[in-house]
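As stored in final_39.tsv (TSV, C-alpha atoms):
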chain	number	residue	atom	x	y	z
A	1	LEU	CA	98.54	96.12	54.68
A	2	TRP	CA	100.98	94.81	57.26
A	3	SER	CA	101.66	91.20	58.11
A	4	GLY	CA	103.96	89.80	60.78
A	5	GLN	CA	104.33	88.10	64.14
A	6	TYR	CA	103.78	89.44	67.63
A	7	GLN	CA	105.54	87.90	70.61
A	8	GLY	CA	106.78	85.17	68.29
A	9	HIS	CA	103.65	83.05	68.20
A	10	ARG	CA	100.78	84.76	66.36
A	11	GLU	CA	100.47	85.89	62.79
A	12	TYR	CA	98.81	89.24	62.29
A	13	SER	CA	97.55	90.81	59.11
A	14	VAL	CA	96.33	94.36	59.53
A	15	SER	CA	95.03	97.14	57.31
A	16	PHE	CA	95.94	100.37	59.05
A	17	TRP	CA	93.37	103.16	59.04
A	18	SER	CA	95.73	105.83	60.38
A	19	MET	CA	99.40	105.89	61.35
A	20	LYS	CA	101.54	108.46	63.20
A	21	THR	CA	105.24	108.64	64.00
A	22	ASP	CA	106.04	108.38	67.71
A	23	PRO	CA	108.60	111.15	68.39
A	24	THR	CA	109.73	109.44	71.61
A	25	THR	CA	110.74	106.13	69.99
A	26	GLY	CA	111.05	106.80	66.25
A	27	GLY	CA	108.49	104.04	65.77
A	28	PHE	CA	104.85	104.28	64.80
A	29	LEU	CA	101.36	104.13	66.28
A	30	ALA	CA	98.72	102.67	63.99
A	31	VAL	CA	94.95	102.33	64.12
A	32	ASP	CA	93.43	99.02	63.10
A	33	ARG	CA	89.87	100.32	62.92
A	34	TRP	CA	88.22	97.03	61.98
A	35	GLY	CA	90.16	95.19	64.68
A	36	ASN	CA	89.25	97.90	67.25
A	37	ARG	CA	92.84	98.28	68.38
A	38	VAL	CA	95.90	100.52	68.36
A	39	ILE	CA	99.27	98.99	67.58
A	40	ARG	CA	102.75	100.26	68.48
A	41	LEU	CA	105.41	99.40	65.90
A	42	SER	CA	109.18	99.71	66.19
A	43	PRO	CA	111.10	101.77	63.62
A	44	ARG	CA	111.67	98.45	61.78
A	45	GLY	CA	107.95	97.65	61.78
A	46	ASP	CA	107.94	94.99	64.51
A	47	ILE	CA	104.88	94.99	66.78
A	48	GLN	CA	105.79	96.15	70.27
A	49	ALA	CA	102.32	96.48	71.84
A	50	ILE	CA	98.66	96.05	71.00
A	51	TRP	CA	95.90	97.87	72.87
A	52	GLU	CA	92.42	96.49	72.26
A	53	GLY	CA	88.91	97.32	73.41
A	54	PHE	CA	88.22	100.41	71.33
A	55	SER	CA	85.00	100.95	69.40
A	56	SER	CA	85.80	101.99	65.82
A	57	PRO	CA	88.98	104.00	66.49
A	58	MET	CA	89.48	106.51	63.69
A	59	ASP	CA	92.78	108.27	64.41
A	60	VAL	CA	95.73	108.30	66.79
A	61	ASP	CA	98.27	110.90	67.81
A	62	VAL	CA	101.16	111.04	70.25
A	63	ASP	CA	102.79	114.05	71.87
A	64	GLU	CA	106.46	114.74	72.65
A	65	LEU	CA	106.09	113.09	76.09
A	66	GLY	CA	104.69	109.88	74.58
A	67	THR	CA	101.09	110.42	75.68
A	68	ILE	CA	98.79	108.72	73.15
A	69	TYR	CA	95.43	110.14	72.03
A	70	VAL	CA	92.93	107.85	70.30
A	71	ALA	CA	89.84	109.20	68.54
A	72	ASP	CA	87.44	106.39	69.40
A	73	THR	CA	84.40	107.21	67.28
A	74	GLY	CA	82.21	104.36	68.49
A	75	SER	CA	82.38	105.61	72.07
A	76	HIS	CA	82.34	109.29	71.03
A	77	GLN	CA	85.44	110.16	73.03
A	78	ILE	CA	89.16	110.80	72.93
A	79	VAL	CA	90.88	108.05	74.90
A	80	VAL	CA	94.15	109.19	76.49
A	81	LEU	CA	96.84	106.58	77.15
A	82	ALA	CA	100.12	106.81	79.04
A	83	PRO	CA	103.22	105.81	77.06
A	84	ASP	CA	102.90	102.28	78.51
A	85	GLY	CA	99.27	102.05	77.32
A	86	ALA	CA	97.55	102.59	80.67
A	87	VAL	CA	94.32	104.56	80.30
A	88	LEU	CA	94.54	108.08	81.78
A	89	ASP	CA	91.53	110.00	83.08
Could you rewrite the structure in this file as structure tokens?
Amino acid sequence: LWSGQYQGHREYSVSFWSMKTDPTTGGFLAVDRWGNRVIRLSPRGDIQAIWEGFSSPMDVDVDELGTIYVADTGSHQIVVLAPDGAVLD
């Protein structure tokens, strides 16, 4: 369970389903399956980004270039994101 603020104004409490180390930042990528989102955390655990709109994401991975792969089980696909979170085809 993680609890903290994002952008200084909202309180978040999240149970992470899966978490991976991001080799490009030293931080972490985490799946909040019940919240249908992926969260980027700094090495200290501060939220840096939240990507929403998934459908029961199960797992996340990131390669050495920072490309993010989300196993989105509800949509039966692997969603590929650029390091900034933009969806790639």
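Between A:Ser55 and the residues A:Gly74, A:Trp34, A:Asp89, A:Pro23, the shortest atom-to-atom distance, using all atoms listed in the file, involves A:Gly74.
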If I put a ball of radius 10 Å at (91.8, 101.6, 62.4) in the file's coordinates, which residues poke into it when counting only C-alpha atoms, written as a PDB file with C-alpha atoms, in the coordinates of the input?
ATOM      1  CA  VAL A  14      96.330  94.360  59.530  1.00  0.00           C
ATOM      2  CA  SER A  15      95.030  97.140  57.310  1.00  0.00           C
ATOM      3  CA  PHE A  16      95.940 100.370  59.050  1.00  0.00           C
ATOM      4  CA  TRP A  17      93.370 103.160  59.040  1.00  0.00           C
ATOM      5  CA  SER A  18      95.730 105.830  60.380  1.00  0.00           C
ATOM      6  CA  MET A  19      99.400 105.890  61.350  1.00  0.00           C
ATOM      7  CA  ALA A  30      98.720 102.670  63.990  1.00  0.00           C
ATOM      8  CA  VAL A  31      94.950 102.330  64.120  1.00  0.00           C
ATOM      9  CA  ASP A  32      93.430  99.020  63.100  1.00  0.00           C
ATOM     10  CA  ARG A  33      89.870 100.320  62.920  1.00  0.00           C
ATOM     11  CA  TRP A  34      88.220  97.030  61.980  1.00  0.00           C
ATOM     12  CA  GLY A  35      90.160  95.190  64.680  1.00  0.00           C
ATOM     13  CA  ASN A  36      89.250  97.900  67.250  1.00  0.00           C
ATOM     14  CA  ARG A  37      92.840  98.280  68.380  1.00  0.00           C
ATOM     15  CA  VAL A  38      95.900 100.520  68.360  1.00  0.00           C
ATOM     16  CA  ILE A  39      99.270  98.990  67.580  1.00  0.00           C
ATOM     17  CA  PHE A  54      88.220 100.410  71.330  1.00  0.00           C
ATOM     18  CA  SER A  55      85.000 100.950  69.400  1.00  0.00           C
ATOM     19  CA  SER A  56      85.800 101.990  65.820  1.00  0.00           C
ATOM     20  CA  PRO A  57      88.980 104.000  66.490  1.00  0.00           C
ATOM     21  CA  MET A  58      89.480 106.510  63.690  1.00  0.00           C
ATOM     22  CA  ASP A  59      92.780 108.270  64.410  1.00  0.00           C
ATOM     23  CA  VAL A  60      95.730 108.300  66.790  1.00  0.00           C
ATOM     24  CA  ALA A  71      89.840 109.200  68.540  1.00  0.00           C
ATOM     25  CA  ASP A  72      87.440 106.390  69.400  1.00  0.00           C
TER      26      ASP A  72
END
Practice item. Just the residues within 9 Å of A:Gly85, please, counting all atoms listed in the file, with nothing from its chain fewer than 5 positions along; format it as JSON, numbers by chain. Key: {"A": [49, 50, 51, 67, 68, 80]}
**Study point:** All residues 8 Å or closer to A:Asp22, all atoms listed in the file, same chain fewer than 5 positions away omitted, as a count of residues only
**Key:** 6
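For the set A:Val70, A:His76, A:Pro83, A:Leu88, the residue with the smallest atom-to-atom gap to A:Thr25 is A:Pro83, counting all atoms listed in the file.
Atom CA of A:Gln77 is positioned 26.8 Å from atom CA of A:Ser42.
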Review point. Expressed in Å to a single decimal, how great is the separation between atom CA of A:Ser75 and atom CA of A:Lys20?
Key: 21.3 Å
